[in-house]
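**Q** For reference, this is input-v3.txt, and it has compact mmCIF, C-alpha atoms.
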# COMPACT_ATOMS: atom_id res chain seq x y z
CA MET A 1 0.00 0.00 0.00
CA ILE A 2 1.27 3.45 -0.88
CA ARG A 3 1.61 5.78 2.08
CA PHE A 4 1.07 9.41 1.20
CA THR A 5 2.92 12.06 3.16
CA PRO A 6 1.03 15.23 4.11
CA VAL A 7 3.02 17.30 1.61
CA ARG A 8 2.24 14.86 -1.20
CA MET A 9 -1.46 14.96 -0.33
CA ILE A 10 -1.43 18.77 -0.39
CA ILE A 11 0.26 18.72 -3.81
CA ILE A 12 -2.30 16.22 -5.15
CA GLY A 13 -5.12 18.39 -3.81
CA VAL A 14 -3.72 21.52 -5.44
CA VAL A 15 -3.25 19.73 -8.77
CA LEU A 16 -6.84 18.48 -8.72
CA MET A 17 -8.20 21.93 -7.89
CA VAL A 18 -6.12 23.60 -10.60
CA TYR A 19 -7.35 20.97 -13.08
CA ALA A 20 -10.95 21.77 -12.15
CA ALA A 21 -10.40 25.51 -12.46
CA VAL A 22 -8.66 25.25 -15.84
CA ILE A 23 -11.28 22.91 -17.30
CA THR A 24 -14.08 25.18 -16.07
CA PHE A 25 -12.33 28.25 -17.48
CA LEU A 26 -11.83 26.60 -20.88
CA MET A 27 -15.47 25.55 -20.96
CA ALA A 28 -16.55 29.09 -20.10
CA LEU A 29 -14.47 30.45 -23.00
CA ARG A 30 -16.01 27.75 -25.24
CA TRP A 31 -12.59 26.46 -26.27
CA ILE A 32 -13.71 22.97 -25.29
CA PRO A 33 -17.30 21.78 -25.41
CA SER A 34 -19.21 21.60 -22.16
CA THR A 35 -20.26 18.00 -21.68
CA ILE A 36 -21.78 16.19 -18.74
CA LEU A 37 -18.59 14.15 -18.27
CA LEU A 38 -16.33 17.22 -18.22
CA ASN A 39 -18.65 19.07 -15.86
CA PHE A 40 -18.75 16.06 -13.56
CA THR A 41 -14.96 15.57 -13.54
CA ALA A 42 -14.38 19.27 -12.92
CA ALA A 43 -16.79 19.32 -9.98
CA LEU A 44 -15.45 16.06 -8.61
CA GLY A 45 -11.84 17.24 -9.02
CA SER A 46 -12.61 20.38 -7.07
CA ILE A 47 -14.34 18.56 -4.22
CA VAL A 48 -11.80 15.73 -3.98
CA GLY A 49 -8.88 18.14 -4.32
CA LEU A 50 -10.15 20.30 -1.48
CA THR A 51 -10.80 17.26 0.71
CA VAL A 52 -7.41 15.64 0.07
CA GLY A 53 -5.55 18.93 0.46
CA LEU A 54 -7.25 19.76 3.74
CA TYR A 55 -6.64 16.24 5.03
CA GLY A 56 -2.94 16.72 4.23
CA VAL A 57 -2.92 20.04 6.11
CA PHE A 58 -4.65 18.44 9.09
CA GLN A 59 -2.14 15.58 9.12
CA MET A 60 0.73 18.05 8.98
CA THR A 61 -0.54 20.11 11.91
CA ARG A 62 -1.66 17.14 14.03
CA LYS A 63 0.24 16.70 17.27
CA ASP A 64 1.44 13.17 17.95
CA ASP A 65 0.90 12.10 21.54
Take the structure from the file and write it as structure tokens.

**A**
Amino acid sequence: MIRFTPVRMIIIGVVLMVYAAVITFLMALRWIPSTILLNFTAALGSIVGLTVGLYGVFQMTRKDD
């Protein structure tokens, strides 16, 4: 099983959120067609990216007893 470090999880979260923002921006400019699949992946990328990134931040700031 792959163990993700908090920094790696933050990086993955940022990449997913940037992907969602870029895809949404390109759809708004009508450079790529707006399809259900692209809308779904952009929304899912944003939600999962935020969740994974915040989990990485929480793991980094957690105090070990």

**Q** Go ahead and compute the interatomic distance for atom CA of A:Leu29 and atom CA of A:Gly45, in Å to one decimal.

**A**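 Atom CA of A:Gly45 lies at a distance of 19.4 Å from atom CA of A:Leu29.
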
**Q** Can you measure atom CA of A:Thr5 to atom CA of A:Leu44 for me? One decimal in Å is fine.

**A** 22.2 Å

**Q** So, with all atoms listed in the file as the atoms that count, which of A:Met60, A:Ile2, A:Ala43, A:Val52 lies closest to A:Ala21?

**A**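 Of A:Met60, A:Ile2, A:Ala43, A:Val52, the one nearest A:Ala21 is A:Ala43, counting all atoms listed in the file.
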
**Q** Taking into account only C-alpha atoms, which residue in the set A:Asn39, A:Gly53, A:Ser46, A:Ile10 is nearest to A:Met27?

**A**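 Smallest distance to A:Met27 is found for A:Asn39.
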
**Q** Quick one: distance from atom CA of A:Ala28 to atom CA of A:Val15 in Å, one decimal?

**A**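 Atom CA of A:Val15 lies at a distance of 19.8 Å from atom CA of A:Ala28.
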
**Q** Give the answer as one residue: which of A:Arg3, A:Leu37, A:Leu26, A:Met17 has the shortest atom-to-atom distance to A:Thr51, using all atoms listed in the file?

**A**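 Selected residue with least distance to A:Thr51: A:Met17.
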
**Q** Between A:Ala42, A:Ile47, A:Leu54, A:Thr61, which residue has the minimum interatomic distance to A:Ile11, considering all atoms listed in the file?

**A**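 Between A:Ala42, A:Ile47, A:Leu54, A:Thr61, the residue approaching A:Ile11 most closely is A:Leu54.
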
**Q** Give me the residues near A:Arg8 as a PyMOL selection string, where near means some atom within 9 Å (using all atoms listed in the file) and where sequence neighbours in that chain fewer than 4 positions away do not count.

**A** chain A and resi 4+12-13+53+56

**Q** Pick out the residues sitting within 12 Å of A:Phe40, and hand them over as number ranges by chain; count only C-alpha atoms, and ignore anything fewer than 6 positions along from it in its own chain.

**A** A: 20, 23-24, 34, 46-48
